[in-house]
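Visitor: Below is upload.pdb; it holds PDB, C-alpha atoms and all ligand atoms.
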ATOM      1  CA  MET A  21     -22.254  14.703   1.284  1.00  0.00           C
ATOM      2  CA  THR A  22     -20.287  13.898   4.357  1.00  0.00           C
ATOM      3  CA  ASP A  23     -18.160  15.788   6.822  1.00  0.00           C
ATOM      4  CA  ARG A  24     -15.826  12.895   7.260  1.00  0.00           C
ATOM      5  CA  HIS A  25     -12.180  13.646   6.976  1.00  0.00           C
ATOM      6  CA  GLN A  26     -10.786  12.704   3.600  1.00  0.00           C
ATOM      7  CA  TYR A  27      -7.583  10.787   3.924  1.00  0.00           C
ATOM      8  CA  GLU A  28      -4.825  11.197   1.428  1.00  0.00           C
ATOM      9  CA  ASP A  29      -3.461   7.931   0.123  1.00  0.00           C
ATOM     10  CA  LEU A  30      -0.111   8.198   1.811  1.00  0.00           C
ATOM     11  CA  GLU A  31      -0.877   5.028   3.695  1.00  0.00           C
ATOM     12  CA  ALA A  32      -3.614   2.871   2.315  1.00  0.00           C
ATOM     13  CA  THR A  33      -5.342   0.858   4.973  1.00  0.00           C
ATOM     14  CA  GLU A  34      -8.237  -0.488   2.980  1.00  0.00           C
ATOM     15  CA  LEU A  35      -8.440  -1.256  -0.717  1.00  0.00           C
ATOM     16  CA  PHE A  36     -10.895  -2.989  -2.963  1.00  0.00           C
ATOM     17  CA  CYS A  37     -10.011  -6.649  -3.342  1.00  0.00           C
ATOM     18  CA  PRO A  38     -11.214  -8.237  -6.612  1.00  0.00           C
ATOM     19  CA  ARG A  39     -11.081 -11.699  -5.102  1.00  0.00           C
ATOM     20  CA  CYS A  40     -13.128 -10.817  -2.021  1.00  0.00           C
ATOM     21  CA  ARG A  41     -15.207  -8.404  -4.122  1.00  0.00           C
ATOM     22  CA  ARG A  42     -15.158  -5.833  -1.368  1.00  0.00           C
ATOM     23  CA  ALA A  43     -12.855  -3.379   0.346  1.00  0.00           C
ATOM     24  CA  GLN A  44     -10.564  -5.149   2.759  1.00  0.00           C
ATOM     25  CA  PRO A  45      -7.846  -4.134   5.167  1.00  0.00           C
ATOM     26  CA  VAL A  46      -4.477  -4.415   3.484  1.00  0.00           C
ATOM     27  CA  ARG A  47      -0.954  -5.131   4.557  1.00  0.00           C
ATOM     28  CA  LYS A  48       1.989  -3.291   3.136  1.00  0.00           C
ATOM     29  CA  HIS A  49       4.942  -5.351   1.973  1.00  0.00           C
ATOM     30  CA  LEU A  50       8.268  -3.992   0.861  1.00  0.00           C
ATOM     31  CA  LEU A  51       8.866  -5.513  -2.553  1.00  0.00           C
ATOM     32  CA  LEU A  52      11.941  -3.829  -3.968  1.00  0.00           C
ATOM     33  CA  VAL A  53      14.520  -1.381  -2.719  1.00  0.00           C
ATOM     34  CA  LEU A  54      15.748   0.752  -5.600  1.00  0.00           C
ATOM     35  CA  PRO A  55      18.166   3.683  -5.773  1.00  0.00           C
ATOM     36  CA  THR A  56      15.212   5.836  -6.768  1.00  0.00           C
ATOM     37  CA  GLY A  57      12.925   4.668  -3.999  1.00  0.00           C
ATOM     38  CA  ASN A  58      11.141   1.726  -2.501  1.00  0.00           C
ATOM     39  CA  LYS A  59       8.424  -0.281  -4.132  1.00  0.00           C
ATOM     40  CA  TYR A  60       5.655  -1.608  -1.936  1.00  0.00           C
ATOM     41  CA  VAL A  61       2.745  -3.863  -2.629  1.00  0.00           C
ATOM     42  CA  TYR A  62      -0.500  -3.934  -0.725  1.00  0.00           C
ATOM     43  CA  ARG A  63      -1.995  -7.330  -0.102  1.00  0.00           C
ATOM     44  CA  CYS A  64      -5.442  -8.177   1.105  1.00  0.00           C
ATOM     45  CA  SER A  65      -5.160  -9.244   4.734  1.00  0.00           C
ATOM     46  CA  VAL A  66      -7.849 -11.870   4.184  1.00  0.00           C
ATOM     47  CA  CYS A  67      -6.853 -13.696   0.984  1.00  0.00           C
ATOM     48  CA  ALA A  68      -3.372 -12.234   0.322  1.00  0.00           C
ATOM     49  CA  GLU A  69      -4.307 -11.075  -3.162  1.00  0.00           C
ATOM     50  CA  THR A  70      -2.192  -8.166  -4.354  1.00  0.00           C
ATOM     51  CA  VAL A  71      -4.565  -5.234  -4.497  1.00  0.00           C
ATOM     52  CA  GLY A  72      -2.251  -2.316  -5.056  1.00  0.00           C
ATOM     53  CA  GLU A  73       1.281  -1.047  -5.219  1.00  0.00           C
ATOM     54  CA  LYS A  74       3.166   2.093  -4.489  1.00  0.00           C
ATOM     55  CA  THR A  75       6.600   3.460  -5.174  1.00  0.00           C
ATOM     56  CA  ASP A  76       7.975   6.170  -2.987  1.00  0.00           C
ATOM     57  CA  ASN A  77      10.851   8.400  -3.957  1.00  0.00           C
ATOM     58  CA  ASP A  78      12.703   8.208  -0.705  1.00  0.00           C
ATOM     59  CA  ALA A  79      16.211   6.921  -1.330  1.00  0.00           C
ATOM     60  CA  GLN A  80      17.292   7.105   2.284  1.00  0.00           C
ATOM     61  CA  ALA A  81      16.370   3.530   3.088  1.00  0.00           C
ATOM     62  CA  PHE A  82      18.577   2.387   0.235  1.00  0.00           C
ATOM     63  CA  GLU A  83      21.533   4.223   1.683  1.00  0.00           C
ATOM     64  CA  ILE A  84      20.928   2.648   5.064  1.00  0.00           C
ATOM     65  CA  LEU A  85      20.817  -0.822   3.558  1.00  0.00           C
ATOM     66  CA  GLY A  86      23.746  -0.182   1.245  1.00  0.00           C
TER      67      GLY A  86
HETATM   68 ZN    ZN B 101      -9.155 -10.504  -0.535  1.00  0.00          ZN
END
Please re-express this file's structure in structure tokens.
Ligand SMILES: [Zn+2]
Guide:
Amino acid sequence: MTDRHQYEDLEATELFCPRCRRAQPVRKHLLLVLPTGNKYVYRCSVCAETVGEKTDNDAQAFEILG
């Protein structure tokens, strides 16, 4: 057991990378801007492997771009 604060995955900063075979810091890249929200991918900052993705439901950025 640990008293460490448990972060929600709103912003992933470290994910398991299958290529590195360990958790690595990740970088968030905007992949697609959709009317329903934005799609992001997380890439390993070491080898650039895609290690995760996320779609938010915030359409505001789309309106700004449109
Ligand atoms: Zn990696």
Visitor: Distance limit 12 Å, reference ligand ZN 101 (chain B), atoms considered: all atoms listed in the file. Which residues make the cut? Give them as a VMD selection string.
Guide: chain A and resid 34 to 47 62 to 72
Visitor: Grab the atom CA of A:Lys74 to atom CA of A:Pro55 distance for me, in Å with one decimal place.
Guide: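 That distance, rounded to one decimal, is 15.1 Å.
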Visitor: Quick one: 3 Å padding each side, axis-aligned, all listed atoms of stretch 58-61 of chain A - centre and edge lengths in Å to one decimal, as lines of an AutoDock Vina configuration file?
Guide:
center_x = 6.9
center_y = -1.1
center_z = -3.0
size_x = 14.4
size_y = 11.6
size_z = 8.2
Visitor: The PyMOL selection byres (((chain A and resi 51) around 12) and not hetatm) on the file shown: which residues, as a PyMOL selection string?
Guide: chain A and resi 48-50+52-54+57-63+70+72-76
